[in-house]
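**Student:** My file is upload_14.pdb. It has PDB, C-alpha atoms:
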```pdb
ATOM      1  CA  MET A   1       0.000   0.000   0.000
ATOM      2  CA  ASN A   2       1.509   3.297  -1.082
ATOM      3  CA  LYS A   3       1.306   6.650   0.733
ATOM      4  CA  ARG A   4      -1.660   7.876  -1.293
ATOM      5  CA  GLN A   5      -3.625   4.714  -0.521
ATOM      6  CA  GLN A   6      -2.764   5.045   3.158
ATOM      7  CA  LEU A   7      -3.992   8.646   3.116
ATOM      8  CA  ALA A   8      -7.238   7.646   1.349
ATOM      9  CA  LEU A   9      -7.785   4.867   3.884
ATOM     10  CA  LEU A  10      -7.120   7.223   6.796
ATOM     11  CA  ILE A  11      -9.576   9.786   5.408
ATOM     12  CA  GLY A  12     -12.179   7.043   4.903
ATOM     13  CA  ILE A  13     -11.772   5.778   8.468
ATOM     14  CA  ALA A  14     -12.016   9.350   9.800
ATOM     15  CA  ALA A  15     -15.216   9.945   7.785
ATOM     16  CA  LEU A  16     -16.752   6.669   9.042
ATOM     17  CA  THR A  17     -15.860   7.627  12.606
ATOM     18  CA  LEU A  18     -17.373  11.099  12.278
ATOM     19  CA  THR A  19     -20.609   9.777  10.795
ATOM     20  CA  ALA A  20     -20.853   7.326  13.702
ATOM     21  CA  ILE A  21     -20.133  10.004  16.337
ATOM     22  CA  PHE A  22     -22.620  12.514  14.811
ATOM     23  CA  PRO A  23     -25.497  10.322  13.573
ATOM     24  CA  PRO A  24     -28.889  11.411  12.215
ATOM     25  CA  TRP A  25     -31.715  11.424  14.777
ATOM     26  CA  LEU A  26     -35.493  10.989  14.771
ATOM     27  CA  HIS A  27     -38.267  11.883  17.194
ATOM     28  CA  ILE A  28     -40.919   9.188  17.225
ATOM     29  CA  ASN A  29     -44.374   9.553  18.754
ATOM     30  CA  PRO A  30     -46.548   6.437  18.790
ATOM     31  CA  GLY A  31     -49.120   6.592  16.008
ATOM     32  CA  GLU A  32     -47.438   9.487  14.196
ATOM     33  CA  ALA A  33     -44.911   9.764  11.396
ATOM     34  CA  PRO A  34     -41.320  10.189  12.638
ATOM     35  CA  ASP A  35     -39.875  13.709  12.678
ATOM     36  CA  ILE A  36     -36.350  14.161  11.336
ATOM     37  CA  MET A  37     -34.375  15.989  14.010
ATOM     38  CA  GLY A  38     -31.081  16.433  12.179
ATOM     39  CA  TYR A  39     -27.601  15.471  13.334
ATOM     40  CA  GLY A  40     -26.154  15.526  16.811
ATOM     41  CA  PRO A  41     -23.488  13.891  18.940
ATOM     42  CA  ILE A  42     -24.236  10.353  20.067
ATOM     43  CA  TRP A  43     -24.003  11.487  23.707
ATOM     44  CA  ARG A  44     -26.398  14.465  23.267
ATOM     45  CA  PRO A  45     -29.350  14.086  20.877
ATOM     46  CA  PRO A  46     -30.630  17.275  19.241
ATOM     47  CA  VAL A  47     -33.440  19.227  20.908
ATOM     48  CA  GLU A  48     -35.940  21.430  19.094
ATOM     49  CA  LYS A  49     -38.533  23.699  20.624
ATOM     50  CA  GLU A  50     -42.071  22.915  19.587
ATOM     51  CA  SER A  51     -44.217  25.984  19.911
ATOM     52  CA  SER A  52     -47.894  26.685  19.689
ATOM     53  CA  SER A  53     -49.956  29.789  20.216
ATOM     54  CA  ALA A  54     -53.507  30.697  21.090
ATOM     55  CA  ASN A  55     -55.583  33.859  21.010
ATOM     56  CA  PHE A  56     -58.136  34.426  23.757
ATOM     57  CA  LEU A  57     -60.095  37.657  24.246
ATOM     58  CA  GLY A  58     -57.519  39.604  22.252
ATOM     59  CA  PHE A  59     -54.561  38.202  24.173
ATOM     60  CA  SER A  60     -51.961  36.070  22.459
ATOM     61  CA  PHE A  61     -50.452  33.173  24.364
ATOM     62  CA  ARG A  62     -47.394  31.240  23.221
ATOM     63  CA  PHE A  63     -46.417  27.900  24.597
ATOM     64  CA  SER A  64     -43.221  26.026  23.870
ATOM     65  CA  LYS A  65     -41.821  22.746  25.016
ATOM     66  CA  PRO A  66     -38.555  21.058  24.126
ATOM     67  CA  VAL A  67     -38.743  17.999  21.896
ATOM     68  CA  GLU A  68     -35.742  15.713  22.164
ATOM     69  CA  ALA A  69     -34.731  13.173  19.561
ATOM     70  CA  ASN A  70     -35.387   9.693  20.901
ATOM     71  CA  GLN A  71     -34.077   7.318  18.233
ATOM     72  CA  LEU A  72     -31.220   7.062  15.772
ATOM     73  CA  ASP A  73     -32.182   7.184  12.106
ATOM     74  CA  TRP A  74     -30.568   3.836  11.303
ATOM     75  CA  ALA A  75     -31.544   3.825   7.628
ATOM     76  CA  ARG A  76     -29.828   7.150   6.929
ATOM     77  CA  LEU A  77     -26.834   6.277   9.099
ATOM     78  CA  LEU A  78     -26.254   2.964   7.316
ATOM     79  CA  ALA A  79     -26.701   4.652   3.922
ATOM     80  CA  GLU A  80     -24.086   7.261   4.848
ATOM     81  CA  GLU A  81     -21.670   4.598   6.098
ATOM     82  CA  ALA A  82     -22.175   2.569   2.896
ATOM     83  CA  VAL A  83     -21.482   5.581   0.667
ATOM     84  CA  VAL A  84     -18.294   6.431   2.584
ATOM     85  CA  ALA A  85     -17.139   2.792   2.418
ATOM     86  CA  VAL A  86     -17.796   2.559  -1.351
ATOM     87  CA  VAL A  87     -16.039   5.864  -2.061
ATOM     88  CA  THR A  88     -13.063   4.816   0.079
ATOM     89  CA  GLY A  89     -12.868   1.439  -1.643
ATOM     90  CA  ALA A  90     -13.065   3.083  -5.069
ATOM     91  CA  ALA A  91     -10.311   5.533  -4.133
ATOM     92  CA  LEU A  92      -8.094   2.655  -2.975
ATOM     93  CA  ALA A  93      -8.743   0.741  -6.216
ATOM     94  CA  ILE A  94      -8.048   3.777  -8.403
ATOM     95  CA  LEU A  95      -4.857   4.580  -6.520
ATOM     96  CA  SER A  96      -3.772   0.940  -6.770
ATOM     97  CA  SER A  97      -4.281   0.831 -10.536
ATOM     98  CA  ALA A  98      -2.501   4.190 -10.903
ATOM     99  CA  GLU A  99       0.458   2.764  -8.979
ATOM    100  CA  ASN A 100       0.531  -0.358 -11.201
ATOM    101  CA  LYS A 101       0.455   1.746 -14.388
ATOM    102  CA  SER A 102       3.296   3.972 -13.200
ATOM    103  CA  GLY A 103       5.714   1.098 -12.749
ATOM    104  CA  GLY A 104       4.747  -0.873  -9.665
ATOM    105  CA  SER A 105       5.732  -0.504  -6.063
ATOM    106  CA  ARG A 106       9.087   0.671  -4.815
ATOM    107  CA  SER A 107      11.325  -1.433  -2.632
ATOM    108  CA  ALA A 108      11.789  -0.268   0.896
TER     109      ALA A 108
END
```
Once you've parsed the file, please lay out its structure as structure tokens.
**Tutor:**
Amino acid sequence: MNKRQQLALLIGIAALTLTAIFPPWLHINPGEAPDIMGYGPIWRPPVEKESSSANFLGFSFRFSKPVEANQLDWARLLAEEAVVAVVTGAALAILSSAENKSGGSRSA
């Protein structure tokens, strides 16, 4: 494995690690469609404020409550990991064929 392949592999591993540390999250209520909450660290899921308002006798009332993500979005996470793995594998293959065309590997 040449230096360029090692660099491509290192970048691929770093990208896989980052996508695992900052996964996509969902908020799921029973009987409702899941809400996409975005990305957040594995140790602190994202929180959004859900707000509602009401008008009564000319007065406006606003209510808000925090909604915390309660489940990882496994489908999106696995899709991201698969794309990173395929791109990394393709980069390694391209760099390997480029090395073979340029005259093979050097002796250490």
**Student:** Carefully work through the PyMOL selection byres ((chain A and resi 38) around 10) for this structure and note down the residues it includes, as a list in words.
**Tutor:**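 In the shown coordinates, the PyMOL selection byres ((chain A and resi 38) around 10) covers Phe22, Pro23, Pro24, Trp25, Leu26, His27, Asp35, Ile36, Met37, Tyr39, Gly40, Pro45, Pro46, Val47, Glu48, Ala69 and Asp73 of chain A.
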**Student:** With C-alpha atoms retained, export the selected residues as a PDB file, keeping the file's coordinate frame.
**Tutor:**
```
ATOM      1  CA  PHE A  22     -22.620  12.514  14.811  1.00  0.00           C
ATOM      2  CA  PRO A  23     -25.497  10.322  13.573  1.00  0.00           C
ATOM      3  CA  PRO A  24     -28.889  11.411  12.215  1.00  0.00           C
ATOM      4  CA  TRP A  25     -31.715  11.424  14.777  1.00  0.00           C
ATOM      5  CA  LEU A  26     -35.493  10.989  14.771  1.00  0.00           C
ATOM      6  CA  HIS A  27     -38.267  11.883  17.194  1.00  0.00           C
ATOM      7  CA  ASP A  35     -39.875  13.709  12.678  1.00  0.00           C
ATOM      8  CA  ILE A  36     -36.350  14.161  11.336  1.00  0.00           C
ATOM      9  CA  MET A  37     -34.375  15.989  14.010  1.00  0.00           C
ATOM     10  CA  TYR A  39     -27.601  15.471  13.334  1.00  0.00           C
ATOM     11  CA  GLY A  40     -26.154  15.526  16.811  1.00  0.00           C
ATOM     12  CA  PRO A  45     -29.350  14.086  20.877  1.00  0.00           C
ATOM     13  CA  PRO A  46     -30.630  17.275  19.241  1.00  0.00           C
ATOM     14  CA  VAL A  47     -33.440  19.227  20.908  1.00  0.00           C
ATOM     15  CA  GLU A  48     -35.940  21.430  19.094  1.00  0.00           C
ATOM     16  CA  ALA A  69     -34.731  13.173  19.561  1.00  0.00           C
ATOM     17  CA  ASP A  73     -32.182   7.184  12.106  1.00  0.00           C
TER      18      ASP A  73
END
```
**Student:** If the box runs along x, y and z of the file and leaves 4 Å on each side of segment 81-89 of chain A, what are its centre and edge lengths in Å, one decimal, as AutoDock Vina command-line options?
**Tutor:**
```
--center_x -17.5 --center_y 3.9 --center_z 2.0 --size_x 17.3 --size_y 13.0 --size_z 16.2
```
**Student:** One number please: atom CA of Val83 of chain A to atom CA of Lys3 of chain A, in Å, one decimal.
**Tutor:**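 Between atom CA of Val83 of chain A and atom CA of Lys3 of chain A the gap works out to 22.8 Å.
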**Student:** Near Thr19 of chain A, counting all atoms listed in the file, which residues have an atom at most 8 Å away, once you skip same-chain residues fewer than 5 positions from it, shown as a list of chain:residue names?
**Tutor:** A:Leu77, A:Glu80, A:Glu81
**Student:** Okay, now the selection with C-alpha atoms, as a PDB file, in the coordinates of the input?
**Tutor:**
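Below is the file that was written, selection-v9.pdb:
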```
ATOM      1  CA  LEU A  77     -26.834   6.277   9.099  1.00  0.00           C
ATOM      2  CA  GLU A  80     -24.086   7.261   4.848  1.00  0.00           C
ATOM      3  CA  GLU A  81     -21.670   4.598   6.098  1.00  0.00           C
TER       4      GLU A  81
END
```
**Student:** Closest to Glu68 of chain A among A:Ala20, A:Ala8, A:Ile28, A:Ala85, using only C-alpha atoms?
**Tutor:** A:Ile28
**Student:** How many Å separate atom CA of Arg4 of chain A from atom CA of Glu99 of chain A?
**Tutor:**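 Atom CA of Arg4 of chain A sits 9.5 Å away from atom CA of Glu99 of chain A.
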**Student:** Using all atoms listed in the file, determine which residues lie at most 12 Å from Ala93 of chain A, disregarding the query and same-chain residues fewer than 2 positions distant; provide the list as an MDAnalysis selection string.
**Tutor:** chainID A and resid 1:2 4:6 8:9 86:91 95:100
**Student:** Quick one: pull the distance between atom CA of Pro34 of chain A and atom CA of Ala54 of chain A, Å, one decimal.
**Tutor:**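 Interatomic distance here is 25.3 Å.
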**Student:** Quick one: of A:Leu10, A:Gln71, A:Leu78, A:Asn29, who's nearest to Arg44 of chain A, counting all atoms listed in the file?
**Tutor:**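 Nearest candidate to Arg44 of chain A out of A:Leu10, A:Gln71, A:Leu78, A:Asn29: A:Gln71.
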**Student:** Could you rebuild segment 57-85 of chain A with N, CA and C atoms and give me the result as an mmCIF file, in the frame of the given file?
**Tutor:**
```cif
data_model
loop_
_atom_site.group_PDB
_atom_site.id
_atom_site.type_symbol
_atom_site.label_atom_id
_atom_site.label_comp_id
_atom_site.auth_asym_id
_atom_site.auth_seq_id
_atom_site.Cartn_x
_atom_site.Cartn_y
_atom_site.Cartn_z
ATOM 1 N N LEU A 57 -59.635 36.319 23.869
ATOM 2 C CA LEU A 57 -60.095 37.657 24.246
ATOM 3 C C LEU A 57 -59.079 38.734 23.871
ATOM 4 N N GLY A 58 -58.464 38.597 22.712
ATOM 5 C CA GLY A 58 -57.519 39.604 22.252
ATOM 6 C C GLY A 58 -56.104 39.429 22.787
ATOM 7 N N PHE A 59 -55.899 38.455 23.647
ATOM 8 C CA PHE A 59 -54.561 38.202 24.173
ATOM 9 C C PHE A 59 -53.946 37.025 23.423
ATOM 10 N N SER A 60 -52.672 37.139 23.165
ATOM 11 C CA SER A 60 -51.961 36.070 22.459
ATOM 12 C C SER A 60 -51.088 35.318 23.462
ATOM 13 N N PHE A 61 -51.246 34.021 23.475
ATOM 14 C CA PHE A 61 -50.452 33.173 24.364
ATOM 15 C C PHE A 61 -49.564 32.265 23.525
ATOM 16 N N ARG A 62 -48.322 32.142 23.910
ATOM 17 C CA ARG A 62 -47.394 31.240 23.221
ATOM 18 C C ARG A 62 -46.878 30.211 24.217
ATOM 19 N N PHE A 63 -46.895 29.002 23.779
ATOM 20 C CA PHE A 63 -46.417 27.900 24.597
ATOM 21 C C PHE A 63 -45.304 27.181 23.836
ATOM 22 N N SER A 64 -44.277 26.797 24.531
ATOM 23 C CA SER A 64 -43.221 26.026 23.870
ATOM 24 C C SER A 64 -42.733 24.948 24.818
ATOM 25 N N LYS A 65 -42.378 23.832 24.235
ATOM 26 C CA LYS A 65 -41.821 22.746 25.016
ATOM 27 C C LYS A 65 -40.704 22.113 24.209
ATOM 28 N N PRO A 66 -39.650 21.682 24.872
ATOM 29 C CA PRO A 66 -38.555 21.058 24.126
ATOM 30 C C PRO A 66 -38.924 19.649 23.661
ATOM 31 N N VAL A 67 -38.532 19.332 22.447
ATOM 32 C CA VAL A 67 -38.743 17.999 21.896
ATOM 33 C C VAL A 67 -37.370 17.419 21.629
ATOM 34 N N GLU A 68 -37.058 16.332 22.293
ATOM 35 C CA GLU A 68 -35.742 15.713 22.164
ATOM 36 C C GLU A 68 -35.825 14.496 21.245
ATOM 37 N N ALA A 69 -34.806 14.357 20.421
ATOM 38 C CA ALA A 69 -34.731 13.173 19.561
ATOM 39 C C ALA A 69 -34.647 11.940 20.449
ATOM 40 N N ASN A 70 -35.356 10.878 20.050
ATOM 41 C CA ASN A 70 -35.387 9.693 20.901
ATOM 42 C C ASN A 70 -34.971 8.414 20.186
ATOM 43 N N GLN A 71 -34.525 8.528 18.934
ATOM 44 C CA GLN A 71 -34.077 7.318 18.233
ATOM 45 C C GLN A 71 -33.131 7.696 17.105
ATOM 46 N N LEU A 72 -32.118 6.870 16.904
ATOM 47 C CA LEU A 72 -31.220 7.062 15.772
ATOM 48 C C LEU A 72 -31.957 6.745 14.477
ATOM 49 N N ASP A 73 -31.631 7.460 13.435
ATOM 50 C CA ASP A 73 -32.182 7.184 12.106
ATOM 51 C C ASP A 73 -31.237 6.175 11.441
ATOM 52 N N TRP A 74 -31.475 4.904 11.736
ATOM 53 C CA TRP A 74 -30.568 3.836 11.303
ATOM 54 C C TRP A 74 -30.476 3.723 9.791
ATOM 55 N N ALA A 75 -31.569 3.945 9.089
ATOM 56 C CA ALA A 75 -31.544 3.825 7.628
ATOM 57 C C ALA A 75 -30.599 4.861 7.022
ATOM 58 N N ARG A 76 -30.720 6.099 7.457
ATOM 59 C CA ARG A 76 -29.828 7.150 6.929
ATOM 60 C C ARG A 76 -28.396 6.932 7.366
ATOM 61 N N LEU A 77 -28.192 6.514 8.610
ATOM 62 C CA LEU A 77 -26.834 6.277 9.099
ATOM 63 C C LEU A 77 -26.152 5.174 8.299
ATOM 64 N N LEU A 78 -26.845 4.062 8.077
ATOM 65 C CA LEU A 78 -26.254 2.964 7.316
ATOM 66 C C LEU A 78 -26.018 3.356 5.864
ATOM 67 N N ALA A 79 -26.906 4.176 5.291
ATOM 68 C CA ALA A 79 -26.701 4.652 3.922
ATOM 69 C C ALA A 79 -25.455 5.530 3.838
ATOM 70 N N GLU A 80 -25.279 6.410 4.820
ATOM 71 C CA GLU A 80 -24.086 7.261 4.848
ATOM 72 C C GLU A 80 -22.821 6.422 4.971
ATOM 73 N N GLU A 81 -22.842 5.458 5.894
ATOM 74 C CA GLU A 81 -21.670 4.598 6.098
ATOM 75 C C GLU A 81 -21.358 3.814 4.824
ATOM 76 N N ALA A 82 -22.387 3.337 4.129
ATOM 77 C CA ALA A 82 -22.175 2.569 2.896
ATOM 78 C C ALA A 82 -21.554 3.451 1.811
ATOM 79 N N VAL A 83 -22.031 4.675 1.677
ATOM 80 C CA VAL A 83 -21.482 5.581 0.667
ATOM 81 C C VAL A 83 -20.011 5.877 0.959
ATOM 82 N N VAL A 84 -19.687 6.153 2.216
ATOM 83 C CA VAL A 84 -18.294 6.431 2.584
ATOM 84 C C VAL A 84 -17.422 5.206 2.311
ATOM 85 N N ALA A 85 -17.914 4.017 2.648
ATOM 86 C CA ALA A 85 -17.139 2.792 2.418
ATOM 87 C C ALA A 85 -16.913 2.553 0.924
#
```
